[in-house]
>>> print(open('entry-v6.txt').read())   # compact mmCIF, C-alpha atoms and all ligand atoms
# COMPACT_ATOMS: atom_id res chain seq x y z
CA MET A 1 36.49 9.75 -48.03
CA ALA A 2 38.63 10.53 -45.03
CA VAL A 3 36.80 12.08 -42.13
CA VAL A 4 38.49 15.27 -41.01
CA SER A 5 37.69 16.57 -37.54
CA LEU A 6 36.83 20.23 -36.96
CA ARG A 7 40.11 20.45 -35.07
CA GLU A 8 42.11 19.32 -38.10
CA GLU A 9 40.05 21.44 -40.44
CA THR A 10 40.68 24.57 -38.37
CA THR A 11 44.36 23.78 -37.99
CA GLY A 12 44.82 23.37 -41.74
CA LEU A 13 42.95 26.58 -42.53
CA LEU A 14 44.95 28.53 -39.94
CA GLN A 15 48.24 27.23 -41.36
CA GLU A 16 47.18 28.38 -44.82
CA LEU A 17 46.14 31.81 -43.53
CA ILE A 18 49.43 32.33 -41.69
CA ARG A 19 51.34 31.53 -44.90
CA ILE A 20 49.52 34.41 -46.62
CA ASP A 21 51.54 37.46 -45.54
CA THR A 22 49.09 40.18 -44.49
CA VAL A 23 51.42 42.42 -42.53
CA ASN A 24 49.81 45.85 -42.33
CA PRO A 25 51.11 48.07 -43.84
CA PRO A 26 50.64 47.27 -46.66
CA GLY A 27 48.08 44.60 -45.66
CA ASN A 28 47.30 42.87 -48.96
CA GLU A 29 44.33 41.27 -47.24
CA THR A 30 42.64 40.42 -50.53
CA ALA A 31 44.71 37.23 -50.78
CA ALA A 32 43.39 36.09 -47.40
CA ALA A 33 39.82 37.13 -48.25
CA GLU A 34 39.94 35.15 -51.51
CA HIS A 35 41.34 32.11 -49.75
CA LEU A 36 38.53 32.24 -47.17
CA ARG A 37 35.97 32.73 -49.91
CA SER A 38 37.06 29.63 -51.78
CA TYR A 39 37.02 27.57 -48.55
CA LEU A 40 33.58 28.85 -47.52
CA GLU A 41 32.00 28.55 -50.96
CA ARG A 42 33.22 24.94 -51.18
CA ASN A 43 31.21 24.38 -48.03
CA GLY A 44 28.07 26.04 -49.29
CA VAL A 45 28.41 29.45 -47.58
CA ALA A 46 27.63 32.52 -49.71
CA CYS A 47 30.41 35.14 -49.69
CA GLU A 48 30.93 38.67 -50.90
CA LEU A 49 34.17 40.63 -51.08
CA TYR A 50 33.94 44.38 -50.40
CA ALA A 51 37.03 46.42 -51.21
CA LYS A 52 37.67 50.14 -51.14
CA VAL A 53 40.88 49.46 -53.06
CA PRO A 54 41.61 46.17 -54.86
CA ASP A 55 44.36 44.94 -52.51
CA ARG A 56 42.46 45.52 -49.27
CA ALA A 57 39.32 43.40 -49.51
CA ASN A 58 36.98 42.56 -46.64
CA LEU A 59 35.15 39.25 -46.78
CA VAL A 60 31.55 38.95 -45.60
CA ALA A 61 29.98 35.49 -45.50
CA ARG A 62 26.39 34.76 -44.54
CA ILE A 63 24.09 31.90 -43.63
CA PRO A 64 20.76 33.62 -44.27
CA GLY A 65 18.14 33.60 -41.56
CA THR A 66 14.72 32.07 -42.17
CA GLY A 67 12.98 35.04 -40.54
CA ASP A 68 13.75 38.20 -38.67
CA GLY A 69 15.44 36.62 -35.68
CA PRO A 70 18.48 38.28 -34.12
CA ARG A 71 21.52 38.47 -36.37
CA LEU A 72 24.88 37.38 -35.04
CA LEU A 73 28.14 38.66 -36.48
CA PHE A 74 31.44 36.84 -36.08
CA LEU A 75 33.83 39.76 -36.43
CA SER A 76 37.53 39.43 -37.13
CA HIS A 77 40.47 40.95 -38.99
CA THR A 78 42.87 39.30 -41.40
CA ASP A 79 45.74 41.79 -41.20
CA THR A 80 48.61 41.41 -38.74
CA VAL A 81 51.37 43.56 -37.31
CA LEU A 82 54.87 43.13 -38.71
CA ALA A 83 57.32 40.46 -37.60
CA ASP A 84 61.11 40.55 -37.48
CA PRO A 85 62.30 37.06 -38.54
CA GLN A 86 65.58 37.60 -36.64
CA GLU A 87 63.69 37.62 -33.34
CA TRP A 88 61.80 34.43 -34.10
CA GLU A 89 62.74 30.82 -33.51
CA ARG A 90 61.15 29.97 -36.86
CA ASP A 91 59.89 31.80 -39.93
CA PRO A 92 56.97 34.03 -38.85
CA TRP A 93 55.00 32.94 -41.96
CA CYS A 94 55.79 29.21 -41.77
CA GLY A 95 52.50 28.12 -40.23
CA ASP A 96 54.34 25.09 -38.82
CA LEU A 97 52.68 22.68 -36.47
CA ARG A 98 54.95 21.80 -33.55
CA ASP A 99 54.09 20.15 -30.22
CA GLY A 100 50.39 20.76 -30.70
CA GLU A 101 50.78 24.43 -31.56
CA VAL A 102 50.50 26.34 -34.85
CA TRP A 103 53.28 28.90 -35.19
CA GLY A 104 53.24 32.18 -37.01
CA ARG A 105 52.37 35.86 -37.05
CA GLY A 106 48.67 36.26 -36.40
CA ALA A 107 48.12 32.87 -34.73
CA LEU A 108 46.68 34.66 -31.68
CA ASP A 109 45.91 38.08 -33.15
CA MET A 110 43.83 36.93 -34.83
CA LYS A 111 44.01 34.43 -37.65
CA GLY A 112 43.23 31.67 -35.15
CA GLN A 113 39.83 33.20 -34.48
CA VAL A 114 39.40 33.91 -38.22
CA ALA A 115 39.95 30.23 -38.99
CA ALA A 116 37.71 29.10 -36.12
CA SER A 117 34.92 31.45 -37.26
CA ALA A 118 35.19 30.21 -40.87
CA VAL A 119 35.10 26.56 -39.76
CA ALA A 120 32.13 27.23 -37.46
CA MET A 121 30.27 28.75 -40.44
CA ALA A 122 31.28 25.96 -42.84
CA SER A 123 30.41 23.14 -40.45
CA LEU A 124 27.02 24.65 -39.61
CA ALA A 125 26.28 25.13 -43.31
CA ARG A 126 27.17 21.48 -44.04
CA GLU A 127 24.73 20.40 -41.36
CA GLY A 128 21.96 22.34 -43.09
CA TYR A 129 21.79 24.87 -40.27
CA GLU A 130 18.94 27.36 -40.69
CA PRO A 131 19.06 30.15 -38.08
CA PRO A 132 16.06 32.42 -37.53
CA GLY A 133 18.28 35.47 -38.20
CA ASP A 134 21.38 35.81 -40.37
CA LEU A 135 24.64 34.35 -39.16
CA ILE A 136 27.36 36.62 -40.56
CA PHE A 137 31.12 36.28 -40.69
CA ALA A 138 33.22 39.35 -41.46
CA ALA A 139 36.97 38.99 -41.97
CA CYS A 140 38.04 42.59 -42.26
CA ALA A 141 41.13 44.35 -43.51
CA ASP A 142 43.11 47.04 -41.77
CA GLU A 143 42.35 46.67 -38.06
CA GLU A 144 45.94 47.09 -36.94
CA VAL A 145 46.49 50.47 -38.63
CA GLY A 146 42.94 51.69 -39.09
CA ALA A 147 43.51 53.77 -42.23
CA GLY A 148 39.92 53.41 -43.41
CA PHE A 149 39.93 50.21 -45.50
CA GLY A 150 38.36 47.83 -43.02
CA LEU A 151 35.26 47.77 -40.84
CA GLN A 152 35.13 51.55 -40.52
CA TRP A 153 34.63 51.79 -44.30
CA LEU A 154 32.33 48.76 -44.40
CA VAL A 155 29.82 50.18 -41.89
CA GLU A 156 29.69 53.41 -43.91
CA ALA A 157 29.73 52.06 -47.48
CA HIS A 158 27.89 48.73 -47.00
CA PRO A 159 26.07 48.88 -43.66
CA GLU A 160 23.56 46.17 -44.57
CA ALA A 161 26.39 43.69 -45.07
CA VAL A 162 27.45 43.79 -41.43
CA ARG A 163 24.43 45.09 -39.51
CA ALA A 164 23.68 42.76 -36.61
CA GLU A 165 22.11 42.77 -33.16
CA TYR A 166 24.94 40.72 -31.65
CA CYS A 167 28.63 40.44 -32.38
CA ILE A 168 31.53 38.31 -31.16
CA ASN A 169 34.95 39.80 -31.71
CA GLU A 170 38.50 39.52 -30.37
CA GLY A 171 39.77 41.00 -27.13
CA GLY A 172 38.67 38.55 -24.44
CA GLY A 173 38.38 34.95 -23.38
CA ASP A 174 41.38 34.82 -21.06
CA ARG A 175 41.18 32.28 -18.27
CA LEU A 176 42.30 33.77 -14.96
CA ILE A 177 42.85 31.96 -11.71
CA LEU A 178 42.37 34.40 -8.85
CA ASP A 179 42.40 33.25 -5.27
CA GLY A 180 41.88 29.66 -6.41
CA ARG A 181 38.81 30.47 -8.49
CA VAL A 182 38.62 30.34 -12.27
CA PHE A 183 37.27 33.21 -14.36
CA TYR A 184 36.83 33.62 -18.09
CA VAL A 185 37.06 37.28 -18.96
CA CYS A 186 34.76 38.73 -21.60
CA SER A 187 35.47 42.21 -22.91
CA THR A 188 32.24 44.23 -22.96
CA ALA A 189 33.66 47.76 -23.02
CA GLU A 190 36.79 49.54 -24.17
CA LYS A 191 38.52 52.76 -23.20
CA MET A 192 38.98 55.47 -25.79
CA SER A 193 42.48 55.87 -27.12
CA ALA A 194 42.92 59.62 -27.47
CA PRO A 195 46.57 60.67 -27.64
CA PHE A 196 47.33 64.37 -27.67
CA ARG A 197 50.28 66.64 -28.34
CA LEU A 198 51.32 69.55 -26.16
CA THR A 199 53.40 72.30 -27.70
CA VAL A 200 55.42 74.57 -25.45
CA HIS A 201 57.02 77.74 -26.84
CA GLY A 202 60.22 79.50 -25.81
CA ARG A 203 62.93 81.54 -27.54
CA SER A 204 65.90 80.01 -29.33
CA GLY A 205 69.50 80.94 -28.70
CA HIS A 206 73.02 79.61 -28.80
CA ALA A 207 73.47 76.84 -26.26
CA SER A 208 76.78 78.32 -25.10
CA ARG A 209 74.80 81.18 -23.53
CA PRO A 210 71.72 79.59 -21.93
CA GLY A 211 70.89 82.76 -20.02
CA ILE A 212 69.81 84.74 -23.04
CA ALA A 213 67.36 82.15 -24.40
CA ASP A 214 64.12 80.66 -23.13
CA ASN A 215 64.53 76.89 -23.33
CA ALA A 216 61.22 75.23 -24.35
CA LEU A 217 62.57 71.77 -23.43
CA VAL A 218 63.40 72.83 -19.89
CA LYS A 219 59.98 74.48 -19.55
CA THR A 220 58.38 71.20 -20.60
CA ALA A 221 60.22 69.04 -18.07
CA PRO A 222 58.03 69.84 -15.02
CA MET A 223 54.94 69.39 -17.18
CA ILE A 224 56.10 65.86 -18.07
CA GLU A 225 56.44 65.08 -14.38
CA ARG A 226 53.01 66.42 -13.51
CA LEU A 227 51.34 64.56 -16.39
CA GLY A 228 53.20 61.37 -15.47
CA SER A 229 51.97 61.48 -11.89
CA PHE A 230 48.34 62.19 -12.82
CA ARG A 231 45.78 59.97 -11.05
CA ASP A 232 42.20 60.48 -12.07
CA GLU A 233 39.32 60.65 -9.62
CA PRO A 234 38.52 56.91 -9.36
CA GLU A 235 35.18 55.67 -10.57
CA VAL A 236 33.69 52.18 -10.84
CA GLY A 237 31.62 51.69 -13.99
CA PRO A 238 29.19 48.82 -14.55
CA GLU A 239 31.78 46.39 -16.01
CA LEU A 240 34.28 46.98 -13.27
CA ALA A 241 31.52 46.67 -10.65
CA ALA A 242 30.58 43.25 -12.04
CA PHE A 243 34.24 42.19 -12.17
CA LEU A 244 34.88 43.35 -8.58
CA ARG A 245 31.71 41.69 -7.32
CA ALA A 246 32.83 38.39 -8.84
CA VAL A 247 36.43 38.63 -7.65
CA CYS A 248 36.04 40.34 -4.26
CA GLY A 249 32.51 39.26 -3.38
CA GLU A 250 31.36 42.88 -3.16
CA VAL A 251 31.83 46.21 -4.92
CA PRO A 252 34.27 48.29 -2.88
CA ALA A 253 34.28 52.10 -2.86
CA PRO A 254 36.20 53.42 -5.88
CA GLU A 255 39.14 54.61 -3.78
CA ASP A 256 39.48 51.13 -2.21
CA ALA A 257 39.02 49.18 -5.46
CA VAL A 258 42.69 48.53 -6.20
CA SER A 259 43.57 47.39 -2.68
CA ALA A 260 40.45 45.20 -2.45
CA ALA A 261 41.26 43.57 -5.79
CA ARG A 262 44.89 43.14 -4.78
CA ARG A 263 43.80 41.35 -1.61
CA ALA A 264 41.97 38.82 -3.79
CA HIS A 265 45.01 38.49 -6.05
CA PRO A 266 47.87 40.83 -7.06
CA LEU A 267 46.97 40.30 -10.72
CA ALA A 268 43.41 41.49 -10.06
CA GLY A 269 44.85 44.71 -8.65
CA ASP A 270 46.94 45.22 -11.77
CA ILE A 271 43.87 44.65 -13.95
CA VAL A 272 41.68 47.09 -12.03
CA GLU A 273 44.15 49.96 -11.59
CA PRO A 274 44.11 51.49 -15.12
CA LEU A 275 40.34 50.98 -15.45
CA LEU A 276 39.27 53.35 -12.68
CA GLY A 277 39.77 56.50 -14.68
CA THR A 278 41.50 58.27 -17.51
CA THR A 279 45.21 57.54 -17.72
CA LEU A 280 47.93 59.81 -19.08
CA ALA A 281 51.36 58.59 -20.14
CA PRO A 282 53.85 61.03 -21.68
CA THR A 283 55.73 58.94 -24.24
CA MET A 284 57.51 61.14 -26.82
CA VAL A 285 59.30 64.44 -26.76
CA GLU A 286 60.80 66.47 -29.56
CA ALA A 287 62.75 69.70 -29.21
CA SER A 288 65.93 71.03 -30.83
CA LYS A 289 67.38 69.14 -33.76
CA LYS A 290 70.83 70.54 -33.04
CA ARG A 291 72.92 70.01 -29.97
CA ASN A 292 74.08 73.64 -29.73
CA VAL A 293 70.72 75.32 -30.42
CA ILE A 294 68.36 75.98 -27.54
CA PRO A 295 64.88 74.99 -28.76
CA ASN A 296 62.19 77.62 -29.12
CA ARG A 297 59.60 74.90 -29.30
CA CYS A 298 59.05 71.52 -27.61
CA GLU A 299 56.44 68.97 -28.59
CA LEU A 300 55.30 66.39 -26.05
CA THR A 301 53.12 63.43 -27.05
CA VAL A 302 50.90 61.97 -24.36
CA ASP A 303 49.16 58.60 -24.62
CA CYS A 304 45.71 59.13 -23.12
CA ARG A 305 43.00 56.51 -22.44
CA ILE A 306 39.57 57.80 -21.51
CA LEU A 307 36.82 55.86 -19.74
CA PRO A 308 33.66 55.26 -21.77
CA GLY A 309 31.10 57.93 -20.90
CA HIS A 310 33.75 60.64 -20.59
CA THR A 311 34.89 63.23 -23.11
CA GLN A 312 38.05 64.80 -24.44
CA ALA A 313 36.78 68.19 -23.23
CA GLU A 314 36.78 66.86 -19.66
CA VAL A 315 40.36 65.69 -20.10
CA GLU A 316 41.40 69.10 -21.44
CA ALA A 317 39.99 70.68 -18.30
CA LYS A 318 41.87 68.19 -16.09
CA VAL A 319 45.11 68.83 -17.96
CA ALA A 320 44.60 72.60 -17.61
CA LYS A 321 44.16 72.21 -13.86
CA LEU A 322 47.19 69.93 -13.62
CA LEU A 323 49.42 72.31 -15.59
CA GLY A 324 47.88 75.47 -14.14
CA GLY A 325 49.90 78.59 -14.78
CA THR A 326 51.88 77.23 -17.71
CA ASP A 327 51.51 78.12 -21.35
CA TYR A 328 50.96 75.37 -23.87
CA GLU A 329 48.84 74.37 -26.85
CA LEU A 330 46.95 71.08 -26.76
CA GLU A 331 46.11 69.26 -29.97
CA TRP A 332 44.31 65.91 -30.16
CA ILE A 333 46.03 63.46 -32.49
CA GLU A 334 43.10 61.04 -32.80
CA ALA A 335 40.27 59.47 -30.83
CA GLN A 336 39.23 55.85 -31.25
CA GLY A 337 36.95 53.57 -29.30
CA GLY A 338 35.53 54.37 -25.89
CA THR A 339 32.31 52.40 -26.22
CA ARG A 340 30.51 49.83 -24.13
CA SER A 341 27.81 47.23 -24.56
CA PRO A 342 25.50 46.42 -21.66
CA VAL A 343 26.55 43.54 -19.44
CA GLU A 344 23.10 42.06 -18.99
CA THR A 345 22.13 40.79 -22.43
CA ARG A 346 21.10 37.55 -24.02
CA LEU A 347 24.54 37.22 -25.57
CA TRP A 348 25.94 37.35 -22.06
CA ASP A 349 23.71 34.41 -21.10
CA VAL A 350 25.08 32.50 -24.08
CA ILE A 351 28.67 33.11 -22.95
CA GLU A 352 27.82 32.17 -19.38
CA SER A 353 26.21 28.93 -20.49
CA PHE A 354 29.29 28.03 -22.53
CA VAL A 355 31.61 28.58 -19.58
CA ALA A 356 29.32 26.45 -17.41
CA GLU A 357 29.47 23.71 -20.02
CA ILE A 358 33.25 23.57 -20.39
CA GLU A 359 34.18 24.23 -16.77
CA PRO A 360 31.30 24.05 -14.29
CA ASP A 361 33.29 25.65 -11.46
CA ALA A 362 34.40 28.61 -13.55
CA GLN A 363 32.61 31.90 -13.95
CA ALA A 364 32.33 34.33 -16.86
CA VAL A 365 33.16 37.92 -15.86
CA PRO A 366 32.79 41.11 -17.90
CA LEU A 367 35.69 43.49 -18.20
CA LEU A 368 36.45 46.94 -19.49
CA VAL A 369 39.70 46.79 -21.43
CA ALA A 370 42.33 49.47 -21.80
CA GLY A 371 42.90 48.83 -25.52
CA PHE A 372 40.37 48.97 -28.32
CA THR A 373 39.25 46.75 -31.18
CA ASP A 374 36.94 47.12 -34.17
CA SER A 375 33.92 46.50 -31.88
CA HIS A 376 33.32 50.22 -31.48
CA TRP A 377 32.41 50.62 -35.17
CA VAL A 378 29.38 48.31 -34.91
CA ARG A 379 28.42 49.60 -31.48
CA GLU A 380 28.41 53.16 -32.81
CA ALA A 381 26.78 52.43 -36.19
CA PHE A 382 24.10 49.90 -35.22
CA GLY A 383 23.94 49.74 -31.42
CA THR A 384 25.22 46.17 -31.71
CA VAL A 385 25.88 44.25 -28.50
CA ALA A 386 29.53 43.42 -29.19
CA TYR A 387 31.70 41.32 -26.89
CA GLY A 388 35.32 40.25 -27.17
CA PHE A 389 35.44 36.54 -26.36
CA PHE A 390 37.55 33.68 -27.70
CA PRO A 391 38.10 31.27 -24.83
CA MET A 392 41.62 30.11 -24.15
CA ARG A 393 42.58 27.59 -21.51
CA ALA A 394 45.42 25.44 -22.88
CA MET A 395 47.80 28.39 -23.20
CA ASP A 396 48.44 30.46 -20.10
CA SER A 397 46.88 33.91 -20.57
CA GLU A 398 50.04 35.72 -19.45
CA LEU A 399 52.10 33.86 -22.04
CA ALA A 400 49.51 34.63 -24.72
CA ALA A 401 49.57 38.32 -23.80
CA ARG A 402 53.37 38.31 -24.15
CA LEU A 403 53.30 36.65 -27.59
CA ILE A 404 50.75 38.97 -29.19
CA HIS A 405 52.50 41.54 -31.43
CA SER A 406 55.77 39.88 -30.37
CA ALA A 407 58.09 37.04 -31.46
CA ASP A 408 57.20 33.32 -31.55
CA GLU A 409 53.44 33.91 -31.66
CA ARG A 410 51.56 30.59 -31.67
CA ILE A 411 48.29 29.02 -30.65
CA ASP A 412 47.48 25.72 -29.00
CA LEU A 413 45.31 23.36 -31.06
CA ASP A 414 43.15 22.69 -28.00
CA ASP A 415 42.32 26.40 -27.85
CA LEU A 416 41.59 26.50 -31.56
CA GLU A 417 39.18 23.60 -31.14
CA LEU A 418 37.63 25.20 -28.06
CA GLY A 419 37.12 28.39 -30.10
CA VAL A 420 35.22 26.55 -32.84
CA ARG A 421 33.09 24.87 -30.20
CA PHE A 422 32.34 28.23 -28.59
CA LEU A 423 31.39 29.94 -31.86
CA ARG A 424 29.06 27.08 -32.80
CA HIS A 425 27.55 27.27 -29.31
CA ALA A 426 27.09 31.03 -29.68
CA ALA A 427 25.34 30.65 -33.05
CA GLU A 428 22.99 28.03 -31.67
CA GLY A 429 22.47 29.99 -28.45
CA VAL A 430 21.55 33.22 -30.24
CA ALA A 431 19.31 31.25 -32.63
CA SER A 432 17.35 29.81 -29.73
CA LEU A 433 16.70 33.17 -28.10
CA PRO A 434 13.00 33.93 -27.71
ZN ZN B 1 43.60 41.99 -33.28
>>> encode(input="entry-v6.txt", output="structure tokens")
Amino acid sequence: MAVVSLREETTGLLQELIRIDTVNPPGNETAAAEHLRSYLERNGVACELYAKVPDRANLVARIPGTGDGPRLLFLSHTDTVLADPQEWERDPWCGDLRDGEVWGRGALDMKGQVAASAVAMASLAREGYEPPGDLIFAACADEEVGAGFGLQWLVEAHPEAVRAEYCINEGGGDRLILDGRVFYVCSTAEKMSAPFRLTVHGRSGHASRPGIADNALVKTAPMIERLGSFRDEPEVGPELAAFLRAVCGEVPAPEDAVSAARRAHPLAGDIVEPLLGTTLAPTMVEASKKRNVIPNRCELTVDCRILPGHTQAEVEAKVAKLLGGTDYELEWIEAQGGTRSPVETRLWDVIESFVAEIEPDAQAVPLLVAGFTDSHWVREAFGTVAYGFFPMRAMDSELAARLIHSADERIDLDDLELGVRFLRHAAEGVASLP
């Protein structure tokens, strides 16, 4: 029998997963879940598919614990965003291996981590691994759209399938070089994405006689400017404090945080800036549908990201102050995320020990991130300590950030192998916790 390395095993599985088109919508994640199930069951890992509708299955695999030790969940999603083949150098669903990289939609976000998690489970099971608490792998549907078929539904309909004390998910692991020092970033908290719509009313009229109407679009224009120039009262939360301490050597006052980080490295300044408070970005405007009709109504959509620990009501008050004296209606479109896990946990120690093992001079640093992942569902439902960490050092983190949700997405085999090594380390680290 040929001996296949974990690197080759993960590469092969990732290629197969990329070739299963799971662009969401429509998703069709069941094909990926079934493929993972057959791979895992061949390797002695028990699996269950949970599906709200037949085409959108979530896979949950488990190596049962021998006792009531802490449970660790490898969390992931199998769906991807769309891809326009015309923009790509090769077919987005080819799964080709070229120059040590696997190409295709989802390679980074996040079929690479899906494959690495599955191989970590399979290889541990083959070795007869018996953790004190369950080791769980969830490959969920519908993360990219979030229409209620994925983890959100799973924690409500089948909470016991995914309940865990610790969780490793996507959203971190970037290797940053700041001021000559190396940091691996671990996402421990996420801002809330809470876009809202402002409606401004006026009175319609024929555009040839502007004087007799009340143009809602024109009334909205100064509001767009004020919202666009909004800067929140800066505040340094626990994650940002830890990041600044690592990068700057101390925690500066909130109003000096950006300049202090920028002195360490311009990139550090860019990272810190949006994390000091709520951000507002007006992005869409809709008024008259006809060139010669003055609109009696204008709708402005504002992308809004709120710091964990803050509320939409607080933002409404800030917007009211900012737009004082003007008449508008504010309507929240949705609110997702905005949760944190503590920075000082045993899972943190496990991540720190891994970084020390692979790169003794590097340091793990926590970070609050501006986007959100599925982590908030398990934090909210079970109080799970959930971190985003999938270490990446072969591919430059700026290049990786550019490729995600974009053309020519690919992952380096060295990073895939490093990911498997990390996940196996995490399982063993959590298992050895007192
Ligand atoms: Zn993702």
>>> residues_around(input="entry-v6.txt", residues="Thr278 in chain A", least_positions_apart="4", cutoff="7 Å", atoms="all atoms listed in the file", output="PyMOL selection string")
chain A and resi 232+305-307
>>> residues_near_point(input="entry-v6.txt", point="(46.6, 29.2, -21.8)", cutoff="10 Å", atoms="all atoms listed in the file", output="list in words")
Asp174, Arg175, Leu176, Pro391, Met392, Arg393, Ala394, Met395, Asp396, Ser397, Glu398, Leu399, Ala400, Ala401, Ile411, Asp412, Asp414 and Asp415 of chain A
>>> residues_near_ligand(input="entry-v6.txt", ligand="ligand ZN 1 (chain B)", cutoff="8 Å", atoms="only C-alpha atoms and all ligand atoms", output="ChimeraX atom specification")
/A:76-77,80,109-110,143-144,170-171,373
>>> closest_residue(input="entry-v6.txt", among="A:Pro159, A:Gly277, A:Pro295, A:Gly112", to="Glu314 in chain A", atoms="only C-alpha atoms")
A:Gly277
>>> atom_distance(input="entry-v6.txt", atom1="CA of Ala407 in chain A", atom2="CA of Glu89 in chain A")
8.0 Å
>>> residues_around(input="entry-v6.txt", residues="Asp21 in chain A", least_positions_apart="6", cutoff="9 Å", atoms="only C-alpha atoms", output="compact mmCIF listing (two decimals) with C-alpha atoms, in the frame of the given file")
# COMPACT_ATOMS: atom_id res chain seq x y z
CA GLY A 27 48.08 44.60 -45.66
CA ASN A 28 47.30 42.87 -48.96
CA GLU A 29 44.33 41.27 -47.24
CA ALA A 31 44.71 37.23 -50.78
CA ALA A 32 43.39 36.09 -47.40
CA ASP A 79 45.74 41.79 -41.20
CA THR A 80 48.61 41.41 -38.74
CA TRP A 93 55.00 32.94 -41.96
CA ARG A 105 52.37 35.86 -37.05
>>> residues_around(input="entry-v6.txt", residues="Val420 in chain A", least_positions_apart="4", cutoff="9 Å", atoms="only C-alpha atoms", output="JSON list (two decimals) with C-alpha atoms, keeping the file's coordinate frame")
[["chain", "number", "residue", "atom", "x", "y", "z"],
["A", 6, "LEU", "CA", 36.83, 20.23, -36.96],
["A", 7, "ARG", "CA", 40.11, 20.45, -35.07],
["A", 10, "THR", "CA", 40.68, 24.57, -38.37],
["A", 113, "GLN", "CA", 39.83, 33.20, -34.48],
["A", 115, "ALA", "CA", 39.95, 30.23, -38.99],
["A", 116, "ALA", "CA", 37.71, 29.10, -36.12],
["A", 117, "SER", "CA", 34.92, 31.45, -37.26],
["A", 118, "ALA", "CA", 35.19, 30.21, -40.87],
["A", 119, "VAL", "CA", 35.10, 26.56, -39.76],
["A", 120, "ALA", "CA", 32.13, 27.23, -37.46],
["A", 415, "ASP", "CA", 42.32, 26.40, -27.85],
["A", 416, "LEU", "CA", 41.59, 26.50, -31.56],
["A", 424, "ARG", "CA", 29.06, 27.08, -32.80],
["A", 425, "HIS", "CA", 27.55, 27.27, -29.31]]
>>> residues_around(input="entry-v6.txt", residues="Pro282 in chain A", least_positions_apart="5", cutoff="10 Å", atoms="all atoms listed in the file", output="MDAnalysis selection string")
chainID A and resid 195:198 223:229 300:304
>>> closest_residue(input="entry-v6.txt", among="A:Glu130, A:Glu190, A:Glu359, A:Asp256", to="Phe372 in chain A", atoms="all atoms listed in the file")
A:Glu190
>>> atom_distance(input="entry-v6.txt", atom1="CA of Leu280 in chain A", atom2="CA of Pro266 in chain A")
22.5 Å
>>> axis_aligned_box(input="entry-v6.txt", around="range 87-99 of chain A", padding_each_side="3 Å", output="AutoDock Vina command-line options")
--center_x 58.1 --center_y 28.9 --center_z -36.1 --size_x 17.2 --size_y 23.5 --size_z 17.7
>>> atom_distance(input="entry-v6.txt", atom1="CA of Phe389 in chain A", atom2="CA of Cys186 in chain A")
5.3 Å
>>> residues_around(input="entry-v6.txt", residues="range 285-287 of chain A", least_positions_apart="4", cutoff="9 Å", atoms="only C-alpha atoms", output="tab-separated table (two decimals) with C-alpha atoms, keeping the file's coordinate frame")
chain	number	residue	atom	x	y	z
A	216	ALA	CA	61.22	75.23	-24.35
A	217	LEU	CA	62.57	71.77	-23.43
A	294	ILE	CA	68.36	75.98	-27.54
A	295	PRO	CA	64.88	74.99	-28.76
A	296	ASN	CA	62.19	77.62	-29.12
A	297	ARG	CA	59.60	74.90	-29.30
A	298	CYS	CA	59.05	71.52	-27.61
A	299	GLU	CA	56.44	68.97	-28.59
A	300	LEU	CA	55.30	66.39	-26.05
A	301	THR	CA	53.12	63.43	-27.05
>>> residues_near_point(input="entry-v6.txt", point="(44.2, 51.4, -35.5)", cutoff="12 Å", atoms="all atoms listed in the file", output="PyMOL selection string")
chain A and resi 24-25+77+79-81+141-152+192-194+334-337+371-377
>>> closest_residue(input="entry-v6.txt", among="A:Tyr328, A:Arg163, A:Leu367, A:Thr339", to="Ala241 in chain A", atoms="all atoms listed in the file")
A:Leu367
>>> closest_residue(input="entry-v6.txt", among="A:Leu244, A:Val102, A:Ile63, A:Leu368", to="His265 in chain A", atoms="only C-alpha atoms")
A:Leu244
>>> closest_residue(input="entry-v6.txt", among="A:Leu433, A:Ala381, A:Val315, A:Ala46", to="Ala157 in chain A", atoms="only C-alpha atoms")
A:Ala381
